[in-house]
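Structure, as structure tokens:
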Amino acid sequence: MASSEYLVEVKDLKEYFPIKTGFFGTTPLKAVDGVSFNIKPGETLGLVGESGCGKTTVGRTLLRLYKPTSGEFYFDGQLVDDKNITDLRRQMQMIFQDPYSSLNPRMTVEDIIGEPLDVHKLYSNRAERREKILHLMELVGLNAEHATRYAHEFSGGQRQRIGIARALAVNPKFIVCDEPVSALDVSIQAQVINMFEDLQEKLGVAYLFIAHDLLVVHHISQRIAVMYLGRIVEIADADELNTHPIHPYTLSLLSAVPIPDPKIAKESKRIILDGDVPSPMHMPTGCPFRTRCRYATEHCAQECPSLTDRGNGHMVACFEK
Amino acid sequence: MATENNVNDLPLPKKNPLSLQIDLSKFEKATDEEKKQQDVMSESTTFFKDGMRKLMKNPLAVGSIIVLILIILMMIVTPHVVPYTYSQIITVDGKRDTGAKNLKPFQYSKMEQAYIAKGGKVFPHVMGTDELSRDYFVRVVYGTRVSFMVGVFASLIVGIIGVLYGSISGYSGGKTDMIMMRIVDIIYSLPDLLVIILLSVVFKETLDFSKVPILQKLGANMVSMFLVFGLLYWVGMARLVRGQILTIKENEYVLAARAIGARPNRIIWHHILPNCISVIIISIALEIPSAIFTESYLSFIGLGVALPMPSLGALASDARSGMQSYPLKLVFPALMIVLIVLAFNLLGDGLRDAFDPKLRK
Ligand SMILES: Nc1ncnc2c1ncn2[C@@H]1O[C@H](COP(=O)(O)OP(=O)(O)OP(=O)(O)O)[C@@H](O)[C@H]1O
Ligand SMILES: [Mg+2]
């Protein structure tokens, strides 16, 4: 594959989990069902969607924590497979959703942040290791005196910073941020998000920034992808998506964003989706959103729409809009 | 932070005198010094230190530790202080004293009394003597030693097999896990007393340790006892360890370690085992009394260690025949068993409460 302008190229990624049904049989749970996107170096792609739509699975499959069922992932023009993933883990990293379970309670901050250095042997002596760790702690705004403390002694925001320092230790070009702020207080969320932006400016990393909150994603991302039931239904520049959403699901997501001014809020209509999210084990035929879509037609039930360009890289998967 | 500063400027809704609404005007801001105190208070404690502190606060656990230390000291010191051995008939002035049978505690036989009258020194029989003129205190101490050893080694064997099996099963998961656990289920469903009796009989007949020096000293019975424990009782431990590993494996820090590129070896040693080691140690500690108990009843029904080596169960069994005339001989070993088993159980409970409160039922 020739090198291209993209750092991350994902093509038709699928991840099916075999779920035991009955005594011998298994049914595939289609957590991710054909997802494609690209990210340029130093760029942030936001990934939004409601709980259970497969956002975490996308991130984890990229790092090969799960083996993809099918699909291709090119990193820096190189096809990622089981062999080169160990080396590539020096270039891409992940920040986890839950700051409480993502740090080993039996390890000190120093050892947690130092683990990537240990694994990839990124230092020549103890002094250099310590120096690197202290530098990383400073980078994410942690007090150097806390290096010998255990993770359970820290608050959620501080823990997330430790997790970020751990991801930065290998000096990666790409970080999957899996809802890094959704477990935090609102006031701390802002601090941490600003830190993500500062780090991007300083280090030039690219992010896949996962969240279920459109406001947060809009603030940090250059482009946003909206996911529904294992598929991307709309991808566009952040502002374009905010001002000219096309897919009915994106419309309903945007209408759910709280508006601070009560007067404007009263005038704008909230689109409330009827029905529940279908189970990913029993997906509807055709378009996965059609069971809750008010524009759905016969066509939607027969065929699944693929992403089509509506100008300026604004891609939408819908027949009717 | 920002909210703290302008708490006082917030327009508060009017307070109803009966409501429980907090009255902010009664609150004062913390001074810098007070804030600093807060910082100092949350002193960094390691998991181990914290657990030990809790353990030392538990009077039952501390009492058990003291009792166990005393028993161990007694086992070490007695052979150096008391001039009798467990298999030797009491001799007075070089001659065998066959009259020293079934003495009461601190009683002397006729020969000994004569010797004392002549000015000789005789070490008192703290617990009397048995029907073969052997010092009973020494026999009880040796019996304690044997039972103790069986208990500790048997639980170590159980621990090692159980941890290895359980962690392999739990970490690999899938089909391997299923097959390994079905084997455990089968062993679990065997009636253990029956199997122990069968196995000890079989081992007694078939195992020949006369060429292996250490094992020979221990005796075939004791070795077969270890084997029985090793073969039967590891299953409980294996299940426990597997369960622990399954839950720990789901934690995101294990995923994070994989994302970093850590190999399975490192993940097991650095991430999984340190997080279940307390559970493992606690259950090994709780395994000791049950091993001692099993050893005692096996010896009691004649399947335990070989004579003349005493174990607490064997001593109790011997004492059964003369129970009406010499009840004390049953009381001493029985008391010892109770003391050891109780102390280990209480210590195990204390460890569990201190290091892993979640485990409490
Ligand atoms: N290891 C797994 N085995 C089986 N099913 C899984 C596994 N991980 C996730 N799933 C299923 O895949 C679907 C997508 O899960 P995922 O965690 O990716 O959602 P998400 O978008 O990250 O949700 P949230 O916002 O709640 O984090 C869910 O239905 C979930 O039950
Ligand atoms: Mg998630």
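By order of appearance in the structure tokens: chains A, B, ..., then residues from 1 within every chain, and ligands from 1 in the order shown.
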
When DSSP works through the backbone of this structure, what residues of stretch 2-166 of chain A end up as alpha helix (DSSP H), shown as a PyMOL selection string?
chain A and resi 55-62+85-88+109-120+126-139+156-166

Contacts to ligand 2 at 9 Å cut-off (only C-alpha atoms and all ligand atoms) as a PDB file with all heavy atoms, in the first residue's frame:
ATOM      1  N   SER A  51     -25.120   4.645  23.956  1.00  0.00           N
ATOM      2  CA  SER A  51     -24.475   3.542  24.653  1.00  0.00           C
ATOM      3  C   SER A  51     -24.761   2.203  23.963  1.00  0.00           C
ATOM      4  O   SER A  51     -25.893   1.941  23.563  1.00  0.00           O
ATOM      5  CB  SER A  51     -24.993   3.505  26.088  1.00  0.00           C
ATOM      6  OG  SER A  51     -24.256   2.597  26.817  1.00  0.00           O
ATOM      7  N   GLY A  52     -23.742   1.423  23.784  1.00  0.00           N
ATOM      8  CA  GLY A  52     -23.916   0.096  23.213  1.00  0.00           C
ATOM      9  C   GLY A  52     -23.851   0.046  21.707  1.00  0.00           C
ATOM     10  O   GLY A  52     -24.081  -0.996  21.108  1.00  0.00           O
ATOM     11  N   CYS A  53     -23.537   1.183  21.040  1.00  0.00           N
ATOM     12  CA  CYS A  53     -23.536   1.155  19.582  1.00  0.00           C
ATOM     13  C   CYS A  53     -22.213   0.646  19.024  1.00  0.00           C
ATOM     14  O   CYS A  53     -22.061   0.516  17.822  1.00  0.00           O
ATOM     15  CB  CYS A  53     -23.876   2.528  19.019  1.00  0.00           C
ATOM     16  SG  CYS A  53     -22.583   3.733  19.263  1.00  0.00           S
ATOM     17  N   GLY A  54     -21.237   0.375  19.891  1.00  0.00           N
ATOM     18  CA  GLY A  54     -20.004  -0.245  19.404  1.00  0.00           C
ATOM     19  C   GLY A  54     -18.805   0.677  19.331  1.00  0.00           C
ATOM     20  O   GLY A  54     -17.810   0.339  18.694  1.00  0.00           O
ATOM     21  N   LYS A  55     -18.865   1.818  20.003  1.00  0.00           N
ATOM     22  CA  LYS A  55     -17.748   2.773  19.934  1.00  0.00           C
ATOM     23  C   LYS A  55     -16.486   2.185  20.560  1.00  0.00           C
ATOM     24  O   LYS A  55     -15.413   2.198  19.967  1.00  0.00           O
ATOM     25  CB  LYS A  55     -18.125   4.072  20.669  1.00  0.00           C
ATOM     26  CG  LYS A  55     -19.425   4.689  20.206  1.00  0.00           C
ATOM     27  CD  LYS A  55     -19.727   5.975  20.935  1.00  0.00           C
ATOM     28  CE  LYS A  55     -19.977   5.814  22.425  1.00  0.00           C
ATOM     29  NZ  LYS A  55     -21.193   5.100  22.779  1.00  0.00           N
ATOM     30  N   THR A  56     -16.637   1.659  21.784  1.00  0.00           N
ATOM     31  CA  THR A  56     -15.488   1.077  22.468  1.00  0.00           C
ATOM     32  C   THR A  56     -14.904  -0.063  21.649  1.00  0.00           C
ATOM     33  O   THR A  56     -13.686  -0.202  21.526  1.00  0.00           O
ATOM     34  CB  THR A  56     -15.925   0.557  23.848  1.00  0.00           C
ATOM     35  OG1 THR A  56     -16.414   1.650  24.597  1.00  0.00           O
ATOM     36  CG2 THR A  56     -14.782  -0.081  24.585  1.00  0.00           C
ATOM     37  N   THR A  57     -15.798  -0.860  21.058  1.00  0.00           N
ATOM     38  CA  THR A  57     -15.328  -2.005  20.285  1.00  0.00           C
ATOM     39  C   THR A  57     -14.489  -1.546  19.102  1.00  0.00           C
ATOM     40  O   THR A  57     -13.470  -2.163  18.784  1.00  0.00           O
ATOM     41  CB  THR A  57     -16.534  -2.846  19.830  1.00  0.00           C
ATOM     42  OG1 THR A  57     -17.357  -3.082  20.958  1.00  0.00           O
ATOM     43  CG2 THR A  57     -16.084  -4.161  19.254  1.00  0.00           C
ATOM     44  N   GLY A  59     -12.598   1.125  18.940  1.00  0.00           N
ATOM     45  CA  GLY A  59     -11.294   1.520  19.472  1.00  0.00           C
ATOM     46  C   GLY A  59     -10.440   0.325  19.835  1.00  0.00           C
ATOM     47  O   GLY A  59      -9.259   0.253  19.501  1.00  0.00           O
ATOM     48  N   PHE A  96      -8.590   4.708  28.491  1.00  0.00           N
ATOM     49  CA  PHE A  96      -9.792   3.922  28.739  1.00  0.00           C
ATOM     50  C   PHE A  96     -10.918   4.719  29.364  1.00  0.00           C
ATOM     51  O   PHE A  96     -10.726   5.797  29.924  1.00  0.00           O
ATOM     52  CB  PHE A  96      -9.442   2.697  29.586  1.00  0.00           C
ATOM     53  CG  PHE A  96      -8.641   1.698  28.830  1.00  0.00           C
ATOM     54  CD1 PHE A  96      -7.271   1.836  28.714  1.00  0.00           C
ATOM     55  CD2 PHE A  96      -9.258   0.655  28.176  1.00  0.00           C
ATOM     56  CE1 PHE A  96      -6.530   0.937  27.986  1.00  0.00           C
ATOM     57  CE2 PHE A  96      -8.526  -0.246  27.446  1.00  0.00           C
ATOM     58  CZ  PHE A  96      -7.156  -0.105  27.353  1.00  0.00           C
ATOM     59  N   GLN A  97     -12.108   4.114  29.247  1.00  0.00           N
ATOM     60  CA  GLN A  97     -13.343   4.776  29.636  1.00  0.00           C
ATOM     61  C   GLN A  97     -13.433   4.977  31.150  1.00  0.00           C
ATOM     62  O   GLN A  97     -13.866   6.017  31.615  1.00  0.00           O
ATOM     63  CB  GLN A  97     -14.497   3.882  29.158  1.00  0.00           C
ATOM     64  CG  GLN A  97     -15.867   4.465  29.291  1.00  0.00           C
ATOM     65  CD  GLN A  97     -16.872   3.687  28.451  1.00  0.00           C
ATOM     66  OE1 GLN A  97     -16.540   2.728  27.761  1.00  0.00           O
ATOM     67  NE2 GLN A  97     -18.110   4.093  28.506  1.00  0.00           N
ATOM     68  N   ASP A 178     -11.159   6.659  24.661  1.00  0.00           N
ATOM     69  CA  ASP A 178     -12.476   6.056  24.804  1.00  0.00           C
ATOM     70  C   ASP A 178     -13.240   6.730  25.937  1.00  0.00           C
ATOM     71  O   ASP A 178     -13.046   6.406  27.098  1.00  0.00           O
ATOM     72  CB  ASP A 178     -12.321   4.551  25.084  1.00  0.00           C
ATOM     73  CG  ASP A 178     -13.671   3.860  25.135  1.00  0.00           C
ATOM     74  OD1 ASP A 178     -14.676   4.525  24.831  1.00  0.00           O
ATOM     75  OD2 ASP A 178     -13.711   2.669  25.480  1.00  0.00           O
ATOM     76  N   GLU A 179     -14.092   7.628  25.586  1.00  0.00           N
ATOM     77  CA  GLU A 179     -14.872   8.402  26.553  1.00  0.00           C
ATOM     78  C   GLU A 179     -14.026   8.787  27.759  1.00  0.00           C
ATOM     79  O   GLU A 179     -14.346   8.437  28.899  1.00  0.00           O
ATOM     80  CB  GLU A 179     -16.102   7.594  27.006  1.00  0.00           C
ATOM     81  CG  GLU A 179     -16.988   7.227  25.829  1.00  0.00           C
ATOM     82  CD  GLU A 179     -18.397   6.853  26.251  1.00  0.00           C
ATOM     83  OE1 GLU A 179     -18.858   7.387  27.269  1.00  0.00           O
ATOM     84  OE2 GLU A 179     -19.025   6.050  25.552  1.00  0.00           O
ATOM     85  N   ILE A 210     -13.694   9.307  21.353  1.00  0.00           N
ATOM     86  CA  ILE A 210     -15.005   8.684  21.483  1.00  0.00           C
ATOM     87  C   ILE A 210     -15.789   9.364  22.600  1.00  0.00           C
ATOM     88  O   ILE A 210     -15.229   9.653  23.659  1.00  0.00           O
ATOM     89  CB  ILE A 210     -14.852   7.182  21.793  1.00  0.00           C
ATOM     90  CG1 ILE A 210     -14.079   6.497  20.663  1.00  0.00           C
ATOM     91  CG2 ILE A 210     -16.188   6.527  22.005  1.00  0.00           C
ATOM     92  CD1 ILE A 210     -13.703   5.076  20.956  1.00  0.00           C
ATOM     93  N   ALA A 211     -17.053   9.630  22.364  1.00  0.00           N
ATOM     94  CA  ALA A 211     -17.889  10.209  23.414  1.00  0.00           C
ATOM     95  C   ALA A 211     -19.342   9.960  23.060  1.00  0.00           C
ATOM     96  O   ALA A 211     -19.663   9.635  21.914  1.00  0.00           O
ATOM     97  CB  ALA A 211     -17.636  11.697  23.549  1.00  0.00           C
ATOM     98  N   HIS A 212     -20.230  10.098  24.044  1.00  0.00           N
ATOM     99  CA  HIS A 212     -21.639  10.036  23.658  1.00  0.00           C
ATOM    100  C   HIS A 212     -22.256  11.422  23.722  1.00  0.00           C
ATOM    101  O   HIS A 212     -23.434  11.595  23.493  1.00  0.00           O
ATOM    102  CB  HIS A 212     -22.404   9.019  24.509  1.00  0.00           C
ATOM    103  CG  HIS A 212     -22.323   9.268  25.972  1.00  0.00           C
ATOM    104  ND1 HIS A 212     -21.744   8.362  26.831  1.00  0.00           N
ATOM    105  CD2 HIS A 212     -22.714  10.309  26.710  1.00  0.00           C
ATOM    106  CE1 HIS A 212     -21.798   8.860  28.047  1.00  0.00           C
ATOM    107  NE2 HIS A 212     -22.370  10.037  28.013  1.00  0.00           N
TER     108      HIS A 212
END

Please provide the set of residues having any atom within 10 Å of stretch 280-289 of chain A, restricted to only C-alpha atoms, with same-chain residues fewer than 2 positions apart removed, written as number ranges by chain.
A: 16-19, 27-33, 52-54, 228-231, 233, 248-249, 277-278, 291-294, 296, 298-306, 317-319

Output of the above residues as a short mmCIF file (atom, residue, chain, number, x, y, z; two decimals), in the first residue's frame, restricted to N, CA, C and O atoms:
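Output contents, as saved in selection_8.cif:
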data_model
loop_
_atom_site.label_atom_id
_atom_site.label_comp_id
_atom_site.auth_asym_id
_atom_site.auth_seq_id
_atom_site.Cartn_x
_atom_site.Cartn_y
_atom_site.Cartn_z
N TYR A 16 -17.53 -9.20 15.10
CA TYR A 16 -18.69 -9.95 15.59
C TYR A 16 -18.26 -10.76 16.80
O TYR A 16 -17.26 -11.47 16.76
N PHE A 17 -19.02 -10.66 17.88
CA PHE A 17 -18.73 -11.49 19.06
C PHE A 17 -19.61 -12.72 19.01
O PHE A 17 -20.83 -12.58 18.86
N PRO A 18 -19.03 -13.91 19.12
CA PRO A 18 -19.89 -15.09 19.16
C PRO A 18 -20.58 -15.16 20.53
O PRO A 18 -19.93 -15.13 21.57
N ILE A 19 -21.90 -15.21 20.51
CA ILE A 19 -22.65 -15.29 21.77
C ILE A 19 -23.30 -16.66 21.85
O ILE A 19 -23.94 -17.10 20.89
N THR A 27 -24.60 -17.32 18.13
CA THR A 27 -25.10 -16.32 17.21
C THR A 27 -24.11 -15.16 17.24
O THR A 27 -23.67 -14.78 18.32
N PRO A 28 -23.76 -14.62 16.08
CA PRO A 28 -22.84 -13.49 16.13
C PRO A 28 -23.54 -12.23 16.63
O PRO A 28 -24.65 -11.93 16.21
N LEU A 29 -22.89 -11.53 17.55
CA LEU A 29 -23.37 -10.22 17.96
C LEU A 29 -22.58 -9.20 17.17
O LEU A 29 -21.36 -9.11 17.31
N LYS A 30 -23.29 -8.48 16.28
CA LYS A 30 -22.57 -7.59 15.37
C LYS A 30 -22.31 -6.25 16.06
O LYS A 30 -23.07 -5.31 15.90
N ALA A 31 -21.23 -6.21 16.83
CA ALA A 31 -20.92 -5.00 17.59
C ALA A 31 -20.45 -3.89 16.66
O ALA A 31 -20.79 -2.73 16.83
N VAL A 32 -19.64 -4.25 15.67
CA VAL A 32 -19.20 -3.30 14.65
C VAL A 32 -19.43 -3.96 13.31
O VAL A 32 -19.00 -5.08 13.09
N ASP A 33 -20.18 -3.28 12.43
CA ASP A 33 -20.61 -3.96 11.21
C ASP A 33 -20.26 -3.13 9.98
O ASP A 33 -21.12 -2.51 9.37
N GLY A 52 -23.74 1.42 23.78
CA GLY A 52 -23.92 0.10 23.21
C GLY A 52 -23.85 0.05 21.71
O GLY A 52 -24.08 -1.00 21.11
N CYS A 53 -23.54 1.18 21.04
CA CYS A 53 -23.54 1.16 19.58
C CYS A 53 -22.21 0.65 19.02
O CYS A 53 -22.06 0.52 17.82
N GLY A 54 -21.24 0.37 19.89
CA GLY A 54 -20.00 -0.25 19.40
C GLY A 54 -18.81 0.68 19.33
O GLY A 54 -17.81 0.34 18.69
N TYR A 228 -24.37 4.40 14.66
CA TYR A 228 -25.61 3.81 15.15
C TYR A 228 -25.57 2.31 14.91
O TYR A 228 -25.36 1.86 13.78
N LEU A 229 -25.71 1.53 15.96
CA LEU A 229 -25.73 0.06 15.86
C LEU A 229 -24.61 -0.53 15.01
O LEU A 229 -24.86 -1.29 14.09
N GLY A 230 -23.39 -0.16 15.31
CA GLY A 230 -22.27 -0.80 14.64
C GLY A 230 -21.92 -0.21 13.29
O GLY A 230 -21.04 -0.72 12.61
N ARG A 231 -22.65 0.83 12.83
CA ARG A 231 -22.32 1.45 11.55
C ARG A 231 -22.16 2.95 11.70
O ARG A 231 -22.79 3.55 12.57
N VAL A 233 -23.24 6.38 10.36
CA VAL A 233 -24.35 6.85 9.52
C VAL A 233 -24.06 8.22 8.92
O VAL A 233 -24.67 8.61 7.94
N PRO A 248 -31.30 11.43 9.75
CA PRO A 248 -32.32 11.63 10.79
C PRO A 248 -31.82 11.29 12.20
O PRO A 248 -32.26 11.91 13.17
N TYR A 249 -30.89 10.34 12.30
CA TYR A 249 -30.38 9.99 13.64
C TYR A 249 -29.53 11.13 14.20
O TYR A 249 -29.65 11.50 15.37
N VAL A 277 -33.67 0.76 20.92
CA VAL A 277 -32.58 0.35 20.03
C VAL A 277 -32.74 -1.15 19.82
O VAL A 277 -32.86 -1.90 20.79
N PRO A 278 -32.74 -1.62 18.57
CA PRO A 278 -32.82 -3.07 18.36
C PRO A 278 -31.57 -3.76 18.92
O PRO A 278 -30.52 -3.13 19.02
N THR A 291 -36.17 1.12 11.92
CA THR A 291 -37.26 0.83 12.86
C THR A 291 -37.63 2.05 13.69
O THR A 291 -38.70 2.10 14.28
N ARG A 292 -36.75 3.04 13.74
CA ARG A 292 -37.06 4.21 14.55
C ARG A 292 -37.09 5.49 13.71
O ARG A 292 -37.12 6.60 14.24
N CYS A 293 -37.05 5.31 12.39
CA CYS A 293 -36.90 6.46 11.52
C CYS A 293 -38.26 6.83 10.94
O CYS A 293 -38.99 5.98 10.44
N ARG A 294 -38.61 8.14 10.99
CA ARG A 294 -39.94 8.49 10.47
C ARG A 294 -39.95 8.62 8.96
O ARG A 294 -40.99 8.73 8.36
N ALA A 296 -38.65 6.28 7.01
CA ALA A 296 -38.34 4.95 6.47
C ALA A 296 -39.35 4.51 5.41
O ALA A 296 -40.54 4.75 5.54
N GLU A 298 -40.08 1.35 2.04
CA GLU A 298 -39.83 -0.05 1.64
C GLU A 298 -38.36 -0.27 1.29
O GLU A 298 -37.75 -1.25 1.67
N HIS A 299 -37.84 0.72 0.55
CA HIS A 299 -36.46 0.64 0.08
C HIS A 299 -35.49 0.40 1.25
O HIS A 299 -34.59 -0.42 1.20
N CYS A 300 -35.73 1.13 2.38
CA CYS A 300 -34.85 1.05 3.54
C CYS A 300 -34.87 -0.35 4.15
O CYS A 300 -33.90 -0.79 4.75
N ALA A 301 -36.01 -1.03 4.04
CA ALA A 301 -36.11 -2.36 4.63
C ALA A 301 -35.38 -3.39 3.79
O ALA A 301 -34.97 -4.43 4.29
N GLN A 302 -35.26 -3.11 2.46
CA GLN A 302 -34.66 -4.10 1.58
C GLN A 302 -33.15 -3.97 1.48
O GLN A 302 -32.44 -4.95 1.39
N GLU A 303 -32.67 -2.74 1.50
CA GLU A 303 -31.26 -2.53 1.21
C GLU A 303 -30.66 -1.61 2.28
O GLU A 303 -31.34 -0.73 2.79
N CYS A 304 -29.39 -1.86 2.59
CA CYS A 304 -28.75 -1.00 3.58
C CYS A 304 -28.02 0.12 2.86
O CYS A 304 -27.20 -0.14 1.99
N PRO A 305 -28.32 1.37 3.18
CA PRO A 305 -27.65 2.47 2.48
C PRO A 305 -26.18 2.54 2.86
O PRO A 305 -25.82 2.27 4.00
N SER A 306 -25.33 2.85 1.88
CA SER A 306 -23.92 3.04 2.23
C SER A 306 -23.62 4.53 2.24
O SER A 306 -24.42 5.35 1.76
N ALA A 317 -25.24 8.08 5.19
CA ALA A 317 -25.80 6.80 4.75
C ALA A 317 -27.31 6.85 4.93
O ALA A 317 -27.83 6.46 5.97
N CYS A 318 -28.00 7.39 3.92
CA CYS A 318 -29.46 7.43 3.99
C CYS A 318 -30.01 7.56 2.58
O CYS A 318 -29.46 8.31 1.77
N PHE A 319 -31.10 6.84 2.27
CA PHE A 319 -31.69 6.94 0.93
C PHE A 319 -32.60 8.14 0.84
O PHE A 319 -32.75 8.75 -0.21
#

Enter the distance from atom CA of B:Ala257 to atom CA of A:Ile112, in Å, rounded to one decimal.
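These two atoms are separated by 9.4 Å.
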
Please build the interface table for chain B against ligand 1 with a cut-off of 12 Å, listing for each qualifying residue the nearest atom pair and the distance in Å to one decimal; count only C-alpha atoms and all ligand atoms, order rows by chain and increasing number, and write it as JSON lines.
{"residue": "B:Lys249", "atom": "CA", "partner": "ligand 1", "partner_atom_place_in_ligand_line": "1 (N)", "distance": 11.5}
{"residue": "B:Glu250", "atom": "CA", "partner": "ligand 1", "partner_atom_place_in_ligand_line": "1 (N)", "distance": 9.0}
{"residue": "B:Asn251", "atom": "CA", "partner": "ligand 1", "partner_atom_place_in_ligand_line": "1 (N)", "distance": 11.7}
{"residue": "B:Glu252", "atom": "CA", "partner": "ligand 1", "partner_atom_place_in_ligand_line": "1 (N)", "distance": 11.7}
{"residue": "B:Leu255", "atom": "CA", "partner": "ligand 1", "partner_atom_place_in_ligand_line": "1 (N)", "distance": 11.2}

Just the residues within 7 Å of stretch 336-341 of chain B, please, counting only C-alpha atoms, with nothing from its chain fewer than 3 positions along; format it as a count of residues only.
6

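What chain B places within 8 Å of chain A, counting only C-alpha atoms, is Ser44, Thr46, Phe47, Asn251, Glu252, Tyr253, Val254, Leu255, Ala256, Arg258, Ala259, Ile260, Gly261, Ala262, His271, Pro274 and Asn275 of chain B.
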